[in-house]
$ cat start33.pdb   # PDB, C-alpha atoms and all ligand atoms
ATOM      1  CA  MET W1387      -4.116 -11.540   9.373  1.00  0.00           C
ATOM      2  CA  ALA W1388      -2.830 -14.191   6.990  1.00  0.00           C
ATOM      3  CA  ASN W1389      -6.332 -14.612   5.646  1.00  0.00           C
ATOM      4  CA  ASN W1390      -6.778 -10.907   5.102  1.00  0.00           C
ATOM      5  CA  PHE W1391      -3.500 -10.805   3.286  1.00  0.00           C
ATOM      6  CA  SER W1392      -4.382 -13.597   0.855  1.00  0.00           C
ATOM      7  CA  CYS W1393      -7.723 -11.923   0.343  1.00  0.00           C
ATOM      8  CA  ILE W1394      -6.007  -8.701  -0.668  1.00  0.00           C
ATOM      9  CA  VAL W1395      -3.616 -10.613  -2.938  1.00  0.00           C
ATOM     10  CA  LEU W1396      -6.535 -12.383  -4.572  1.00  0.00           C
ATOM     11  CA  MET W1397      -8.405  -9.123  -5.134  1.00  0.00           C
ATOM     12  CA  PHE W1398      -5.287  -7.565  -6.567  1.00  0.00           C
ATOM     13  CA  LEU W1399      -4.819 -10.464  -8.974  1.00  0.00           C
ATOM     14  CA  LEU W1400      -8.443 -10.296 -10.060  1.00  0.00           C
ATOM     15  CA  LEU W1401      -8.145  -6.560 -10.624  1.00  0.00           C
ATOM     16  CA  VAL W1402      -4.960  -6.934 -12.669  1.00  0.00           C
ATOM     17  CA  SER W1403      -6.299  -9.768 -14.789  1.00  0.00           C
ATOM     18  CA  SER W1404      -9.603  -8.015 -15.521  1.00  0.00           C
ATOM     19  CA  SER W1405      -7.779  -4.939 -16.792  1.00  0.00           C
ATOM     20  CA  TYR W1406      -6.224  -7.149 -19.479  1.00  0.00           C
ATOM     21  CA  ALA W1407      -9.047  -7.127 -21.937  1.00  0.00           C
ATOM     22  CA  ILE W1408      -7.492  -9.988 -23.848  1.00  0.00           C
ATOM     23  CA  PRO W1409      -5.850 -12.597 -21.629  1.00  0.00           C
ATOM     24  CA  ASN W1410      -2.273 -13.707 -22.108  1.00  0.00           C
ATOM     25  CA  SER W1411      -3.463 -17.199 -22.902  1.00  0.00           C
ATOM     26  CA  GLN W1412      -5.366 -15.822 -25.898  1.00  0.00           C
ATOM     27  CA  VAL W1413      -2.294 -13.931 -27.095  1.00  0.00           C
ATOM     28  CA  ASN W1414      -0.384 -17.223 -26.897  1.00  0.00           C
ATOM     29  CA  VAL W1415      -3.046 -19.057 -28.893  1.00  0.00           C
ATOM     30  CA  ILE W1416      -3.118 -16.301 -31.538  1.00  0.00           C
ATOM     31  CA  CYS W1417       0.670 -16.100 -31.770  1.00  0.00           C
ATOM     32  CA  GLY W1418       1.070 -19.886 -31.818  1.00  0.00           C
ATOM     33  CA  GLN W1419      -0.605 -19.806 -35.237  1.00  0.00           C
ATOM     34  CA  THR W1420       2.026 -17.473 -36.708  1.00  0.00           C
ATOM     35  CA  LYS W1421       5.385 -18.265 -38.281  1.00  0.00           C
ATOM     36  CA  ASN W1422       7.184 -16.422 -35.498  1.00  0.00           C
ATOM     37  CA  PRO W1423       5.322 -16.653 -32.168  1.00  0.00           C
ATOM     38  CA  LEU W1424       7.956 -14.664 -30.267  1.00  0.00           C
ATOM     39  CA  PHE W1425       7.791 -11.734 -32.693  1.00  0.00           C
ATOM     40  CA  CYS W1426       4.010 -11.840 -32.442  1.00  0.00           C
ATOM     41  CA  SER W1427       3.761 -11.968 -28.651  1.00  0.00           C
ATOM     42  CA  THR W1428       6.330  -9.195 -28.274  1.00  0.00           C
ATOM     43  CA  LEU W1429       4.239  -7.029 -30.588  1.00  0.00           C
ATOM     44  CA  LEU W1430       0.867  -7.806 -28.990  1.00  0.00           C
ATOM     45  CA  ASN W1431       2.102  -7.737 -25.396  1.00  0.00           C
ATOM     46  CA  SER W1432       3.414  -4.219 -25.959  1.00  0.00           C
ATOM     47  CA  GLN W1433      -0.264  -3.177 -25.693  1.00  0.00           C
ATOM     48  CA  PRO W1434      -1.239  -4.901 -22.437  1.00  0.00           C
ATOM     49  CA  ASN W1435      -4.635  -3.294 -21.818  1.00  0.00           C
ATOM     50  CA  ALA W1436      -5.972  -3.578 -25.321  1.00  0.00           C
ATOM     51  CA  ASP W1437      -9.012  -5.509 -26.411  1.00  0.00           C
ATOM     52  CA  LEU W1438      -9.015  -7.380 -29.729  1.00  0.00           C
ATOM     53  CA  LYS W1439     -10.209  -4.417 -31.797  1.00  0.00           C
ATOM     54  CA  THR W1440      -7.633  -2.072 -30.290  1.00  0.00           C
ATOM     55  CA  LEU W1441      -4.920  -4.673 -30.885  1.00  0.00           C
ATOM     56  CA  THR W1442      -5.975  -5.025 -34.506  1.00  0.00           C
ATOM     57  CA  GLN W1443      -5.939  -1.247 -34.987  1.00  0.00           C
ATOM     58  CA  TYR W1444      -2.493  -1.120 -33.392  1.00  0.00           C
ATOM     59  CA  THR W1445      -1.213  -3.921 -35.642  1.00  0.00           C
ATOM     60  CA  LEU W1446      -2.589  -2.125 -38.720  1.00  0.00           C
ATOM     61  CA  ASN W1447      -0.634   0.994 -37.638  1.00  0.00           C
ATOM     62  CA  VAL W1448       2.540  -1.077 -37.266  1.00  0.00           C
ATOM     63  CA  ALA W1449       1.962  -2.570 -40.724  1.00  0.00           C
ATOM     64  CA  ARG W1450       1.632   0.930 -42.189  1.00  0.00           C
ATOM     65  CA  ALA W1451       4.888   2.041 -40.529  1.00  0.00           C
ATOM     66  CA  ASN W1452       6.715  -1.075 -41.745  1.00  0.00           C
ATOM     67  CA  ILE W1453       5.387  -0.820 -45.302  1.00  0.00           C
ATOM     68  CA  THR W1454       6.309   2.881 -45.445  1.00  0.00           C
ATOM     69  CA  ASN W1455       9.828   2.082 -44.192  1.00  0.00           C
ATOM     70  CA  THR W1456      10.165  -0.665 -46.766  1.00  0.00           C
ATOM     71  CA  ILE W1457       9.123   1.662 -49.606  1.00  0.00           C
ATOM     72  CA  LYS W1458      11.744   4.201 -48.455  1.00  0.00           C
ATOM     73  CA  LEU W1459      14.393   1.476 -48.407  1.00  0.00           C
ATOM     74  CA  ILE W1460      13.438   0.259 -51.889  1.00  0.00           C
ATOM     75  CA  ASN W1461      13.746   3.799 -53.273  1.00  0.00           C
ATOM     76  CA  VAL W1462      17.247   4.058 -51.787  1.00  0.00           C
ATOM     77  CA  LEU W1463      18.186   0.666 -53.279  1.00  0.00           C
ATOM     78  CA  ILE W1464      16.915   1.683 -56.717  1.00  0.00           C
ATOM     79  CA  ALA W1465      19.059   4.825 -56.599  1.00  0.00           C
ATOM     80  CA  GLU W1466      22.126   2.913 -55.362  1.00  0.00           C
ATOM     81  CA  ASN W1467      21.816   0.294 -58.089  1.00  0.00           C
ATOM     82  CA  ALA W1468      21.261   2.611 -61.026  1.00  0.00           C
ATOM     83  CA  ASN W1469      24.139   0.927 -62.877  1.00  0.00           C
ATOM     84  CA  LYS W1470      23.180  -2.672 -62.101  1.00  0.00           C
ATOM     85  CA  PRO W1471      20.338  -3.713 -64.411  1.00  0.00           C
ATOM     86  CA  ASP W1472      19.493  -6.977 -62.554  1.00  0.00           C
ATOM     87  CA  ALA W1473      19.287  -5.268 -59.208  1.00  0.00           C
ATOM     88  CA  LYS W1474      17.416  -2.296 -60.599  1.00  0.00           C
ATOM     89  CA  THR W1475      14.832  -4.557 -62.234  1.00  0.00           C
ATOM     90  CA  HIS W1476      14.363  -6.504 -59.011  1.00  0.00           C
ATOM     91  CA  TYR W1477      13.940  -3.436 -56.812  1.00  0.00           C
ATOM     92  CA  SER W1478      11.647  -1.690 -59.307  1.00  0.00           C
ATOM     93  CA  SER W1479       9.410  -4.747 -59.322  1.00  0.00           C
ATOM     94  CA  CYS W1480       9.450  -4.725 -55.509  1.00  0.00           C
ATOM     95  CA  LEU W1481       8.389  -1.081 -55.540  1.00  0.00           C
ATOM     96  CA  ASP W1482       5.349  -2.041 -57.647  1.00  0.00           C
ATOM     97  CA  HIS W1483       4.520  -4.756 -55.124  1.00  0.00           C
ATOM     98  CA  PHE W1484       4.749  -2.380 -52.175  1.00  0.00           C
ATOM     99  CA  ASP W1485       3.338   0.895 -53.495  1.00  0.00           C
ATOM    100  CA  GLU W1486      -0.032   2.507 -53.056  1.00  0.00           C
ATOM    101  CA  ASP W1487      -1.365   1.777 -56.541  1.00  0.00           C
ATOM    102  CA  GLU W1488      -1.313  -1.995 -56.667  1.00  0.00           C
ATOM    103  CA  GLY W1489       0.962  -3.052 -53.856  1.00  0.00           C
ATOM    104  CA  ALA W1490       1.082  -3.609 -50.120  1.00  0.00           C
ATOM    105  CA  LEU W1491       0.364   0.026 -49.167  1.00  0.00           C
ATOM    106  CA  GLY W1492      -2.789   0.099 -51.294  1.00  0.00           C
ATOM    107  CA  ASP W1493      -3.889  -3.258 -49.900  1.00  0.00           C
ATOM    108  CA  LEU W1494      -3.245  -2.032 -46.364  1.00  0.00           C
ATOM    109  CA  GLU W1495      -5.387   1.054 -46.964  1.00  0.00           C
ATOM    110  CA  TYR W1496      -8.179  -1.168 -48.210  1.00  0.00           C
ATOM    111  CA  THR W1497      -7.742  -3.427 -45.163  1.00  0.00           C
ATOM    112  CA  GLU W1498      -8.069  -0.390 -42.868  1.00  0.00           C
ATOM    113  CA  GLU W1499     -11.259   0.648 -44.626  1.00  0.00           C
ATOM    114  CA  LEU W1500     -12.775  -2.836 -44.223  1.00  0.00           C
ATOM    115  CA  PHE W1501     -11.759  -2.822 -40.562  1.00  0.00           C
ATOM    116  CA  LYS W1502     -13.519   0.521 -39.994  1.00  0.00           C
ATOM    117  CA  ASN W1503     -16.636  -0.938 -41.608  1.00  0.00           C
ATOM    118  CA  GLY W1504     -16.493  -3.990 -39.340  1.00  0.00           C
ATOM    119  CA  ASP W1505     -15.969  -6.387 -42.249  1.00  0.00           C
ATOM    120  CA  TYR W1506     -13.531  -8.648 -40.400  1.00  0.00           C
ATOM    121  CA  GLN W1507     -13.711 -11.464 -42.926  1.00  0.00           C
ATOM    122  CA  GLY W1508     -12.752  -8.935 -45.588  1.00  0.00           C
ATOM    123  CA  VAL W1509      -9.895  -7.755 -43.367  1.00  0.00           C
ATOM    124  CA  GLY W1510      -8.463 -11.294 -43.395  1.00  0.00           C
ATOM    125  CA  VAL W1511      -8.755 -11.620 -47.168  1.00  0.00           C
ATOM    126  CA  SER W1512      -7.267  -8.197 -47.802  1.00  0.00           C
ATOM    127  CA  ALA W1513      -4.391  -8.731 -45.341  1.00  0.00           C
ATOM    128  CA  SER W1514      -3.520 -11.959 -47.122  1.00  0.00           C
ATOM    129  CA  SER W1515      -3.030  -9.975 -50.322  1.00  0.00           C
ATOM    130  CA  ILE W1516      -0.354  -8.024 -48.409  1.00  0.00           C
ATOM    131  CA  GLU W1517       1.389 -11.364 -47.789  1.00  0.00           C
ATOM    132  CA  ASP W1518       1.127 -12.106 -51.526  1.00  0.00           C
ATOM    133  CA  ASP W1519       2.627  -8.696 -52.387  1.00  0.00           C
ATOM    134  CA  VAL W1520       5.625  -9.436 -50.184  1.00  0.00           C
ATOM    135  CA  GLU W1521       6.085 -12.909 -51.696  1.00  0.00           C
ATOM    136  CA  ASP W1522       5.859 -11.477 -55.218  1.00  0.00           C
ATOM    137  CA  CYS W1523       8.640  -9.009 -54.366  1.00  0.00           C
ATOM    138  CA  ILE W1524      10.944 -11.566 -52.766  1.00  0.00           C
ATOM    139  CA  SER W1525      10.328 -14.651 -54.910  1.00  0.00           C
ATOM    140  CA  GLY W1526       8.986 -13.171 -58.142  1.00  0.00           C
ATOM    141  CA  GLU W1527       5.480 -13.427 -59.498  1.00  0.00           C
ATOM    142  CA  SER W1528       5.792 -16.870 -61.032  1.00  0.00           C
ATOM    143  CA  PRO W1529       7.785 -19.950 -59.971  1.00  0.00           C
ATOM    144  CA  SER W1530       9.717 -19.733 -63.240  1.00  0.00           C
ATOM    145  CA  ASP W1531      11.114 -16.292 -62.338  1.00  0.00           C
ATOM    146  CA  PRO W1532      14.818 -16.649 -61.568  1.00  0.00           C
ATOM    147  CA  PRO W1533      15.343 -15.828 -57.884  1.00  0.00           C
ATOM    148  CA  TYR W1534      17.287 -12.656 -57.222  1.00  0.00           C
ATOM    149  CA  HIS W1535      19.975 -13.151 -54.606  1.00  0.00           C
ATOM    150  CA  ASP W1536      19.294 -10.080 -52.504  1.00  0.00           C
ATOM    151  CA  THR W1537      22.032  -9.210 -50.026  1.00  0.00           C
ATOM    152  CA  SER W1538      20.405  -5.951 -48.909  1.00  0.00           C
ATOM    153  CA  THR W1539      18.239  -5.567 -45.788  1.00  0.00           C
ATOM    154  CA  LEU W1540      15.102  -5.627 -47.951  1.00  0.00           C
ATOM    155  CA  PRO W1541      14.325  -9.340 -47.307  1.00  0.00           C
ATOM    156  CA  GLN W1542      14.365  -8.650 -43.540  1.00  0.00           C
ATOM    157  CA  TYR W1543      12.089  -5.617 -43.887  1.00  0.00           C
ATOM    158  CA  ALA W1544       9.800  -7.627 -46.149  1.00  0.00           C
ATOM    159  CA  SER W1545       9.603 -10.525 -43.717  1.00  0.00           C
ATOM    160  CA  VAL W1546       8.554  -8.128 -40.924  1.00  0.00           C
ATOM    161  CA  VAL W1547       5.707  -6.870 -43.143  1.00  0.00           C
ATOM    162  CA  GLU W1548       4.716 -10.468 -43.886  1.00  0.00           C
ATOM    163  CA  LEU W1549       4.698 -11.415 -40.196  1.00  0.00           C
ATOM    164  CA  VAL W1550       2.633  -8.355 -39.265  1.00  0.00           C
ATOM    165  CA  ALA W1551       0.142  -9.128 -42.060  1.00  0.00           C
ATOM    166  CA  GLN W1552      -0.135 -12.682 -40.752  1.00  0.00           C
ATOM    167  CA  ILE W1553      -0.950 -11.381 -37.258  1.00  0.00           C
ATOM    168  CA  ILE W1554      -3.701  -9.169 -38.755  1.00  0.00           C
ATOM    169  CA  ILE W1555      -5.201 -12.210 -40.505  1.00  0.00           C
ATOM    170  CA  ILE W1556      -5.338 -14.220 -37.288  1.00  0.00           C
ATOM    171  CA  LEU W1557      -6.689 -11.289 -35.240  1.00  0.00           C
ATOM    172  CA  SER W1558      -9.419 -10.784 -37.831  1.00  0.00           C
ATOM    173  CA  LYS W1559     -10.492 -14.429 -37.477  1.00  0.00           C
ATOM    174  CA  ASN W1560     -10.849 -13.905 -33.735  1.00  0.00           C
ATOM    175  CA  LEU W1561     -12.824 -10.691 -34.294  1.00  0.00           C
ATOM    176  CA  GLY W1562     -15.190 -12.505 -36.584  1.00  0.00           C
ATOM    177  CA  HIS W1563     -16.487 -14.740 -33.771  1.00  0.00           C
TER     178      HIS W1563
HETATM  179  C1  LIG M1601       8.045  -1.875 -37.831  1.00  0.00           C
HETATM  180  O1  LIG M1601       7.256  -0.956 -37.102  1.00  0.00           O
HETATM  181  C2  LIG M1601       7.523  -0.931 -35.712  1.00  0.00           C
HETATM  182  C3  LIG M1601       6.522   0.015 -35.061  1.00  0.00           C
HETATM  183  O2  LIG M1601       6.508   1.269 -35.673  1.00  0.00           O
HETATM  184  C4  LIG M1601       8.975  -0.481 -35.505  1.00  0.00           C
HETATM  185  O3  LIG M1601       9.272  -0.536 -34.129  1.00  0.00           O
HETATM  186  C5  LIG M1601       9.901  -1.417 -36.268  1.00  0.00           C
HETATM  187  O4  LIG M1601      11.231  -0.941 -36.150  1.00  0.00           O
HETATM  188  C6  LIG M1601       9.508  -1.460 -37.723  1.00  0.00           C
HETATM  189  N1  LIG M1601      10.383  -2.397 -38.441  1.00  0.00           N
HETATM  190  C7  LIG M1601      10.713  -2.189 -39.709  1.00  0.00           C
HETATM  191  C8  LIG M1601      11.627  -3.217 -40.314  1.00  0.00           C
HETATM  192  O5  LIG M1601      10.311  -1.244 -40.355  1.00  0.00           O
END
$ encode --input "start33.pdb" --output "C-alpha cells" --more "lines below"
Ligand SMILES: *[C@@H]1O[C@H](CO)[C@@H](O)[C@H](O)[C@H]1NC(C)=O
Amino acid sequence: MANNFSCIVLMFLLLVSSSYAIPNSQVNVICGQTKNPLFCSTLLNSQPNADLKTLTQYTLNVARANITNTIKLINVLIAENANKPDAKTHYSSCLDHFDEDEGALGDLEYTEELFKNGDYQGVGVSASSIEDDVEDCISGESPSDPPYHDTSTLPQYASVVELVAQIIIILSKNLGH
C-alpha cells in the first residue's frame, strides 16, 4: 500500500515535471543573469508550460506592449509640458528613441522578424539596441549631455522595457545552442 502510494506520487511528479518544457532550474539560471532576477522569474514563470521558443515569443509580445505603453506615456508628457522647454526637449528626444522609425519599436519589429527567421544571434544583437534606445532616452546620447531630472513615471516604464529586452537577449543565447 505504502509502496503503491509512493509509486503514484513518483509518477505524478514525473508527469508534472515533464510538462514543464523548460525546467525551473533553467529559468533560475537565465534570470540570475539579469539585473532583476525576481522580475524575470515572475515574467517567465507566468508561462509554466512553455518551451524556450514560446517563452521568447511571449517575452517579445510583452516588450511590444511595454514599448507601446511607454510611447503613449511620452506623448502625454509632451502635451503636458508644452510650456516647459527643458522637459519638452527631453520627452521629444525620448519619443525619437522609442518610436517606430529609429527607436525601440522599430528595433523590436526587426527583432521579431529575426526571431521568425530563426536568426537567434541576430535577435540578441537587435534586442541590445532596444537597451541602447532606452539608455539614450534616460541618460542622453552622449556622456556630456546634461542629465534631465525626470520626476514622471517614464523612468520606471523605461526600466521595464530595458529589463524585458535583457531577458530577450539571454533567452536568445539559450536558443542559439
Ligand atoms: C508591461 O507589459 C505587461 C504585459 O502586457 C503588463 O502586465 C505590464 O503592466 C506592462 N508594464 C508597463 C510599465 O507597461
$ residues_near_ligand --input "start33.pdb" --ligand "ligand LIG 1601 (chain M)" --cutoff "10 Å" --atoms "only C-alpha atoms and all ligand atoms" --output "list of chain:residue names"
W:Leu1429, W:Tyr1444, W:Thr1445, W:Asn1447, W:Val1448, W:Ala1449, W:Arg1450, W:Ala1451, W:Asn1452, W:Ile1453, W:Thr1454, W:Asn1455, W:Thr1456, W:Ile1457, W:Lys1458, W:Leu1459, W:Thr1539, W:Leu1540, W:Pro1541, W:Gln1542, W:Tyr1543, W:Ala1544, W:Ser1545, W:Val1546, W:Val1547, W:Val1550
$ resolve_selection --input "start33.pdb" --expression "the PyMOL selection byres (((chain W and resi 1517-1527) around 9) and not hetatm)" --output "compact mmCIF listing (two decimals) with C-alpha atoms, in the coordinates of the input"
# COMPACT_ATOMS: atom_id res chain seq x y z
CA HIS W 1476 14.36 -6.50 -59.01
CA TYR W 1477 13.94 -3.44 -56.81
CA SER W 1479 9.41 -4.75 -59.32
CA CYS W 1480 9.45 -4.72 -55.51
CA LEU W 1481 8.39 -1.08 -55.54
CA ASP W 1482 5.35 -2.04 -57.65
CA HIS W 1483 4.52 -4.76 -55.12
CA PHE W 1484 4.75 -2.38 -52.18
CA GLU W 1488 -1.31 -2.00 -56.67
CA GLY W 1489 0.96 -3.05 -53.86
CA ALA W 1490 1.08 -3.61 -50.12
CA ASP W 1493 -3.89 -3.26 -49.90
CA ALA W 1513 -4.39 -8.73 -45.34
CA SER W 1514 -3.52 -11.96 -47.12
CA SER W 1515 -3.03 -9.98 -50.32
CA ILE W 1516 -0.35 -8.02 -48.41
CA SER W 1528 5.79 -16.87 -61.03
CA PRO W 1529 7.78 -19.95 -59.97
CA SER W 1530 9.72 -19.73 -63.24
CA ASP W 1531 11.11 -16.29 -62.34
CA PRO W 1532 14.82 -16.65 -61.57
CA PRO W 1533 15.34 -15.83 -57.88
CA TYR W 1534 17.29 -12.66 -57.22
CA ASP W 1536 19.29 -10.08 -52.50
CA LEU W 1540 15.10 -5.63 -47.95
CA PRO W 1541 14.32 -9.34 -47.31
CA ALA W 1544 9.80 -7.63 -46.15
CA SER W 1545 9.60 -10.52 -43.72
CA VAL W 1547 5.71 -6.87 -43.14
CA GLU W 1548 4.72 -10.47 -43.89
CA LEU W 1549 4.70 -11.42 -40.20
CA ALA W 1551 0.14 -9.13 -42.06
CA GLN W 1552 -0.14 -12.68 -40.75
$ closest_residue --input "start33.pdb" --among "W:Ser1558, W:Phe1501, W:Ile1464, W:Val1413" --to "Ser1432 of chain W" --atoms "only C-alpha atoms"
W:Val1413
$ resolve_selection --input "start33.pdb" --expression "the PyMOL selection byres (((chain W and resi 1560) around 12) and not hetatm)" --output "list in words"
Ile1408, Gln1412, Val1413, Val1415, Ile1416, Cys1417, Gln1419, Asp1437, Leu1438, Lys1439, Leu1441, Thr1442, Tyr1506, Gln1507, Val1509, Gly1510, Ile1553, Ile1554, Ile1555, Ile1556, Leu1557, Ser1558, Lys1559, Leu1561, Gly1562 and His1563 of chain W
$ atom_distance --input "start33.pdb" --atom1 "atom CA of Asp1487 of chain W" --atom2 "atom CA of Lys1421 of chain W"
27.9 Å
$ residues_around --input "start33.pdb" --residues "Pro1409 of chain W" --least-positions-apart "5" --cutoff "12 Å" --atoms "all atoms listed in the file" --output "ChimeraX atom specification"
/W:1402-1404,1414-1416,1427,1430-1431,1433-1438
$ axis_aligned_box --input "start33.pdb" --around "segment 1511-1523 of chain W" --padding-each-side "8 Å" --output "AutoDock Vina command-line options"
--center_x -0.1 --center_y -10.5 --center_z -50.3 --size_x 33.4 --size_y 20.9 --size_z 25.9
$ atom_distance --input "start33.pdb" --atom1 "atom CA of Thr1537 of chain W" --atom2 "atom CA of Lys1470 of chain W"
13.8 Å
$ atom_distance --input "start33.pdb" --atom1 "atom CA of Glu1486 of chain W" --atom2 "atom CA of Leu1463 of chain W"
18.3 Å
$ closest_residue --input "start33.pdb" --among "W:Thr1428, W:Asn1467, W:Asn1461, W:Gln1443" --to "Leu1500 of chain W" --atoms "all atoms listed in the file"
W:Gln1443
$ closest_residue --input "start33.pdb" --among "W:Ala1473, W:Leu1446, W:Ala1465, W:Leu1494" --to "Val1511 of chain W" --atoms "all atoms listed in the file"
W:Leu1494
